[in-house]
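Below is work.cif, which holds mmCIF, C-alpha atoms, pLDDT in the B column; chains and numbers go by the auth columns.
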data_data
loop_
_atom_site.group_PDB
_atom_site.id
_atom_site.type_symbol
_atom_site.label_atom_id
_atom_site.label_comp_id
_atom_site.label_asym_id
_atom_site.label_seq_id
_atom_site.Cartn_x
_atom_site.Cartn_y
_atom_site.Cartn_z
_atom_site.B_iso_or_equiv
_atom_site.auth_seq_id
_atom_site.auth_asym_id
ATOM 1 C CA MET A 1 9.689 -9.428 5.093 43.00 84 A
ATOM 2 C CA VAL A 2 11.837 -12.049 3.491 54.00 85 A
ATOM 3 C CA TYR A 3 10.247 -11.766 0.060 77.00 86 A
ATOM 4 C CA GLU A 4 12.021 -10.230 -2.900 89.00 87 A
ATOM 5 C CA ARG A 5 11.491 -6.475 -3.095 92.00 88 A
ATOM 6 C CA TYR A 6 13.003 -3.341 -4.574 94.00 89 A
ATOM 7 C CA GLU A 7 15.142 -0.894 -2.667 95.00 90 A
ATOM 8 C CA TYR A 8 13.371 2.411 -2.216 96.00 91 A
ATOM 9 C CA GLU A 9 14.060 6.020 -1.395 96.00 92 A
ATOM 10 C CA VAL A 10 12.055 8.088 1.039 96.00 93 A
ATOM 11 C CA ASN A 11 11.609 11.759 1.859 96.00 94 A
ATOM 12 C CA ARG A 12 12.463 13.196 5.268 95.00 95 A
ATOM 13 C CA ASN A 13 8.987 12.934 6.809 92.00 96 A
ATOM 14 C CA ARG A 14 8.463 9.425 5.357 94.00 97 A
ATOM 15 C CA THR A 15 5.332 10.251 3.351 95.00 98 A
ATOM 16 C CA ARG A 16 6.762 9.914 -0.177 95.00 99 A
ATOM 17 C CA PHE A 17 8.522 6.733 -1.230 97.00 100 A
ATOM 18 C CA SER A 18 9.931 5.929 -4.651 96.00 101 A
ATOM 19 C CA PHE A 19 11.471 2.906 -6.315 95.00 102 A
ATOM 20 C CA ILE A 20 12.182 1.569 -9.785 95.00 103 A
ATOM 21 C CA SER A 21 10.362 -1.429 -11.227 94.00 104 A
ATOM 22 C CA SER A 22 12.945 -3.040 -13.465 91.00 105 A
ATOM 23 C CA SER A 23 12.663 -5.570 -16.274 88.00 106 A
ATOM 24 C CA GLN A 24 14.805 -6.419 -19.266 85.00 107 A
ATOM 25 C CA HIS A 25 12.542 -4.169 -21.370 85.00 108 A
ATOM 26 C CA ARG A 26 12.283 -1.014 -19.260 91.00 109 A
ATOM 27 C CA ASN A 27 12.526 0.719 -15.915 93.00 110 A
ATOM 28 C CA ILE A 28 9.397 2.280 -14.443 92.00 111 A
ATOM 29 C CA HIS A 29 9.558 4.798 -11.613 95.00 112 A
ATOM 30 C CA LYS A 30 6.958 4.026 -8.938 95.00 113 A
ATOM 31 C CA LEU A 31 5.617 6.282 -6.194 95.00 114 A
ATOM 32 C CA VAL A 32 3.901 5.512 -2.915 96.00 115 A
ATOM 33 C CA LEU A 33 2.399 8.514 -1.152 96.00 116 A
ATOM 34 C CA PHE A 34 0.786 8.758 2.265 96.00 117 A
ATOM 35 C CA ARG A 35 -1.644 11.664 2.602 93.00 118 A
ATOM 36 C CA LYS A 36 -3.672 12.712 5.602 91.00 119 A
ATOM 37 C CA ILE A 37 -7.368 12.148 5.040 88.00 120 A
ATOM 38 C CA GLY A 38 -9.268 15.391 5.513 74.00 121 A
ATOM 39 C CA ASN A 39 -10.245 16.303 9.020 69.00 122 A
ATOM 40 C CA ILE A 40 -11.334 12.825 10.060 61.00 123 A
ATOM 41 C CA GLN A 41 -8.554 12.447 12.618 65.00 124 A
ATOM 42 C CA GLU A 42 -4.911 13.317 12.594 74.00 125 A
ATOM 43 C CA ASN A 43 -3.774 9.695 12.318 88.00 126 A
ATOM 44 C CA TYR A 44 -5.711 8.678 9.199 92.00 127 A
ATOM 45 C CA PHE A 45 -3.713 8.397 5.975 95.00 128 A
ATOM 46 C CA SER A 46 -4.539 7.247 2.475 94.00 129 A
ATOM 47 C CA LEU A 47 -2.002 5.186 0.578 95.00 130 A
ATOM 48 C CA GLU A 48 -1.670 6.251 -3.047 94.00 131 A
ATOM 49 C CA PHE A 49 0.373 4.112 -5.393 93.00 132 A
ATOM 50 C CA GLY A 50 1.243 4.181 -9.068 92.00 133 A
ATOM 51 C CA ASP A 51 3.751 5.201 -11.708 91.00 134 A
ATOM 52 C CA ARG A 52 5.607 8.487 -11.615 92.00 135 A
ATOM 53 C CA ASP A 53 4.687 10.466 -14.710 89.00 136 A
ATOM 54 C CA PRO A 54 8.003 11.124 -16.539 85.00 137 A
ATOM 55 C CA ILE A 55 6.888 14.586 -17.667 88.00 138 A
ATOM 56 C CA THR A 56 5.167 16.002 -14.580 90.00 139 A
ATOM 57 C CA ASN A 57 6.871 13.829 -11.920 86.00 140 A
ATOM 58 C CA LYS A 58 3.419 13.410 -10.374 91.00 141 A
ATOM 59 C CA LEU A 59 1.692 10.201 -9.383 89.00 142 A
ATOM 60 C CA ASN A 60 -0.275 8.439 -12.116 84.00 143 A
ATOM 61 C CA VAL A 61 -2.682 5.911 -10.570 86.00 144 A
ATOM 62 C CA ILE A 62 -4.292 5.022 -13.911 82.00 145 A
ATOM 63 C CA SER A 63 -1.307 3.729 -15.912 84.00 146 A
ATOM 64 C CA ILE A 64 -0.887 0.010 -16.475 82.00 147 A
ATOM 65 C CA SER A 65 2.773 -0.947 -16.582 82.00 148 A
ATOM 66 C CA ASN A 66 2.716 -4.781 -16.774 83.00 149 A
ATOM 67 C CA ASN A 67 6.456 -4.960 -16.193 89.00 150 A
ATOM 68 C CA GLY A 68 6.365 -8.649 -15.216 86.00 151 A
ATOM 69 C CA ASP A 69 7.297 -8.030 -11.578 90.00 152 A
ATOM 70 C CA ARG A 70 3.891 -7.694 -9.886 89.00 153 A
ATOM 71 C CA ASP A 71 4.779 -9.675 -6.760 89.00 154 A
ATOM 72 C CA LYS A 72 8.064 -7.852 -6.253 92.00 155 A
ATOM 73 C CA VAL A 73 6.284 -4.500 -6.630 92.00 156 A
ATOM 74 C CA LEU A 74 3.520 -5.491 -4.179 89.00 157 A
ATOM 75 C CA ASN A 75 6.120 -6.771 -1.705 90.00 158 A
ATOM 76 C CA THR A 76 7.910 -3.444 -1.956 92.00 159 A
ATOM 77 C CA VAL A 77 4.685 -1.552 -1.260 92.00 160 A
ATOM 78 C CA ALA A 78 4.017 -3.824 1.739 90.00 161 A
ATOM 79 C CA CYS A 79 7.498 -3.071 3.119 90.00 162 A
ATOM 80 C CA ILE A 80 6.870 0.635 2.582 94.00 163 A
ATOM 81 C CA VAL A 81 3.619 0.418 4.575 93.00 164 A
ATOM 82 C CA LEU A 82 5.509 -1.280 7.418 91.00 165 A
ATOM 83 C CA ASP A 83 8.206 1.406 7.235 94.00 166 A
ATOM 84 C CA PHE A 84 5.576 4.162 7.379 96.00 167 A
ATOM 85 C CA ILE A 85 3.725 2.576 10.302 94.00 168 A
ATOM 86 C CA HIS A 86 6.996 2.057 12.156 92.00 169 A
ATOM 87 C CA CYS A 87 7.564 5.797 11.883 93.00 170 A
ATOM 88 C CA TYR A 88 3.904 6.664 12.650 93.00 171 A
ATOM 89 C CA PRO A 89 2.834 3.836 15.008 92.00 172 A
ATOM 90 C CA ASN A 90 -0.604 5.230 15.831 91.00 173 A
ATOM 91 C CA SER A 91 -1.602 5.751 12.215 93.00 174 A
ATOM 92 C CA ILE A 92 -4.327 4.039 10.257 94.00 175 A
ATOM 93 C CA VAL A 93 -3.545 3.534 6.572 95.00 176 A
ATOM 94 C CA PHE A 94 -6.458 3.311 4.138 95.00 177 A
ATOM 95 C CA ALA A 95 -5.972 1.749 0.692 95.00 178 A
ATOM 96 C CA LYS A 96 -8.235 1.299 -2.302 94.00 179 A
ATOM 97 C CA GLY A 97 -7.246 0.648 -5.897 90.00 180 A
ATOM 98 C CA SER A 98 -8.031 3.207 -8.592 89.00 181 A
ATOM 99 C CA THR A 99 -10.285 0.543 -10.157 90.00 182 A
ATOM 100 C CA PRO A 100 -12.085 -2.523 -8.739 91.00 183 A
ATOM 101 C CA SER A 101 -9.588 -4.799 -10.492 89.00 184 A
ATOM 102 C CA ARG A 102 -6.680 -3.021 -8.809 89.00 185 A
ATOM 103 C CA THR A 103 -8.374 -3.300 -5.440 93.00 186 A
ATOM 104 C CA ARG A 104 -8.701 -7.028 -6.150 92.00 187 A
ATOM 105 C CA LEU A 105 -5.005 -7.158 -7.070 88.00 188 A
ATOM 106 C CA TYR A 106 -4.141 -5.574 -3.708 89.00 189 A
ATOM 107 C CA GLN A 107 -6.275 -8.185 -1.985 93.00 190 A
ATOM 108 C CA ILE A 108 -4.418 -10.956 -3.817 88.00 191 A
ATOM 109 C CA GLY A 109 -1.166 -9.468 -2.516 86.00 192 A
ATOM 110 C CA ILE A 110 -2.548 -9.325 1.018 90.00 193 A
ATOM 111 C CA ASN A 111 -3.784 -12.918 0.786 89.00 194 A
ATOM 112 C CA LYS A 112 -0.383 -14.172 -0.426 84.00 195 A
ATOM 113 C CA ASN A 113 1.360 -12.566 2.537 82.00 196 A
ATOM 114 C CA ILE A 114 -1.385 -12.700 5.158 87.00 197 A
ATOM 115 C CA SER A 115 0.610 -14.480 7.868 85.00 198 A
ATOM 116 C CA VAL A 116 3.542 -12.091 7.602 82.00 199 A
ATOM 117 C CA ILE A 117 1.319 -9.006 7.459 86.00 200 A
ATOM 118 C CA GLN A 118 -0.812 -10.089 10.410 88.00 201 A
ATOM 119 C CA ALA A 119 2.296 -10.542 12.533 89.00 202 A
ATOM 120 C CA TYR A 120 2.697 -6.743 12.431 90.00 203 A
ATOM 121 C CA LEU A 121 -0.645 -5.256 11.415 93.00 204 A
ATOM 122 C CA ASN A 122 -4.376 -5.557 12.004 95.00 205 A
ATOM 123 C CA ILE A 123 -6.138 -5.661 8.626 95.00 206 A
ATOM 124 C CA TYR A 124 -9.728 -4.630 7.966 97.00 207 A
ATOM 125 C CA GLY A 125 -11.836 -4.801 4.822 96.00 208 A
ATOM 126 C CA PHE A 126 -14.782 -2.699 3.684 97.00 209 A
ATOM 127 C CA ILE A 127 -17.783 -4.646 2.388 96.00 210 A
ATOM 128 C CA ASN A 128 -21.558 -4.131 2.514 95.00 211 A
ATOM 129 C CA ASN A 129 -21.084 -0.565 3.777 96.00 212 A
ATOM 130 C CA GLN A 130 -19.130 -1.590 6.858 96.00 213 A
ATOM 131 C CA TRP A 131 -15.634 -2.416 8.076 96.00 214 A
ATOM 132 C CA GLU A 132 -14.799 -5.909 9.305 96.00 215 A
ATOM 133 C CA VAL A 133 -11.729 -7.901 10.274 96.00 216 A
ATOM 134 C CA PHE A 134 -10.076 -9.004 7.026 96.00 217 A
ATOM 135 C CA SER A 135 -11.003 -12.463 5.774 95.00 218 A
ATOM 136 C CA PRO A 136 -9.133 -13.917 2.786 93.00 219 A
ATOM 137 C CA LYS A 137 -12.361 -15.405 1.397 91.00 220 A
ATOM 138 C CA ARG A 138 -14.212 -12.101 1.002 94.00 221 A
ATOM 139 C CA ASN A 139 -13.868 -9.563 -1.834 94.00 222 A
ATOM 140 C CA TYR A 140 -13.437 -6.120 -0.308 96.00 223 A
ATOM 141 C CA GLN A 141 -13.908 -2.647 -1.750 96.00 224 A
ATOM 142 C CA ALA A 142 -11.148 -1.089 0.373 96.00 225 A
ATOM 143 C CA PHE A 143 -8.770 -1.890 3.235 96.00 226 A
ATOM 144 C CA TYR A 144 -7.152 -0.302 6.203 95.00 227 A
ATOM 145 C CA VAL A 145 -4.317 -1.416 8.420 95.00 228 A
ATOM 146 C CA GLN A 146 -2.954 -0.356 11.754 94.00 229 A
ATOM 147 C CA LYS A 147 -0.124 -1.545 13.916 93.00 230 A
ATOM 148 C CA ARG A 148 -0.982 -4.519 16.126 89.00 231 A
ATOM 149 C CA ASN A 149 -1.420 -3.511 19.739 77.00 232 A
ATOM 150 C CA SER A 150 -1.670 0.119 18.683 56.00 233 A
ATOM 151 C CA ASN A 151 -2.744 2.732 21.206 52.00 234 A
ATOM 152 C CA PHE A 152 -5.090 4.099 18.580 46.00 235 A
ATOM 153 C CA LYS A 153 -8.801 3.857 19.444 42.00 236 A
#

Could you show the structure in this file as structure tokens?
Amino acid sequence: MVYERYEYEVNRNRTRFSFISSSQHRNIHKLVLFRKIGNIQENYFSLEFGDRDPITNKLNVISISNNGDRDKVLNTVACIVLDFIHCYPNSIVFAKGSTPSRTRLYQIGINKNISVIQAYLNIYGFINNQWEVFSPKRNYQAFYVQKRNSNFK
């Protein structure tokens, strides 16, 4: 992606990514985690995103940071998803915000970058109790992506 983003660090198996959201007021440590979803199938992962708690070092999906860099943060998360899928090309990545407003924020990010994202990934949205091909004009409850032309069925 050619959009402004933060540099990030990643663990060896590429399931834990971290970066720093930086403004003139403060630096906020962010985490993006990919976790296998139960026993559904081995290639299903949930994307979990939020602030790193400074005391426990664990992911906090509830905090609201408002650091003034929303687009740069969302671009960084998008690059991280592409990095993860490059490493795990047959994976399906499920994402849902911790609140409806956060899910809507993720959709805004997808809509802003739809042409770039769709060059690499198939995007699906969950609405009315079913999955459908992503449409920018619909408000979804959750999303999943997979690599275009994936062998995954």

Next on the checklist: Taking the file as I've supplied it (selection: the PyMOL selection byres ((chain A and resi 200-208) around 8)), which residues are included? Please answer as an NGL selection string.
Outcome noted: :A and (165 or 193 or 196-199 or 209-210 or 214-218 or 223-231)

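Shortest atom-to-atom contact with A:Gln190 among A:Val115, A:Ile163, A:Val176, A:Leu157: A:Leu157, counting only C-alpha atoms.
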
Checklist entry - Which residue gives the smallest distance to A:Thr186 among A:Ser106, A:Asn96, A:Asn222, A:Asn143, with all atoms listed in the file counted? => result A:Asn222

Item to check | Pairwise distance for atom CA of A:Arg185 and atom CA of A:Arg95, rounded to one decimal in Å | outcome: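 Atom CA of A:Arg95 lies 28.8 Å from atom CA of A:Arg185.
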
Let me have the centre and edge lengths in Å, one decimal, of the box along x, y and z around every listed atom of stretch 186-204 of chain A with 8 Å of margin on each side, as JSON.
{"center_x": -2.6, "center_y": -8.9, "center_z": 2.7, "size_x": 28.2, "size_y": 27.2, "size_z": 35.6}

Checklist entry - If you count all atoms listed in the file, which residues fall within 12 Å of A:Asn110, apart from same-chain ones fewer than 2 positions away, as an MDAnalysis selection string? => result chainID A and resid 102:108 112:113 134:135 137 148:152

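With all atoms listed in the file as the atoms that count, the minimum distance from A:Asn194 to the choices A:Asn212, A:Asp154, A:Cys170, A:Val164 is reached by A:Asp154.
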
Next on the checklist: Quick check, in Å to one decimal: how far apart do atom CA of A:Phe167 and atom CA of A:Val144 lie?
Outcome noted: 19.8 Å

Checklist entry - Please, what distance in Å, to one decimal, runs between atom CA of A:Arg153 and atom CA of A:Glu92? => result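 Atom-to-atom, atom CA of A:Arg153 and atom CA of A:Glu92 are spaced 19.1 Å apart.
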
Checklist entry - Nearest to A:Ser101: which of A:Tyr171, A:Phe117, A:Phe128, A:Tyr86 is it, counting all atoms listed in the file? => result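 The answer is A:Phe117, which sits nearest to A:Ser101.
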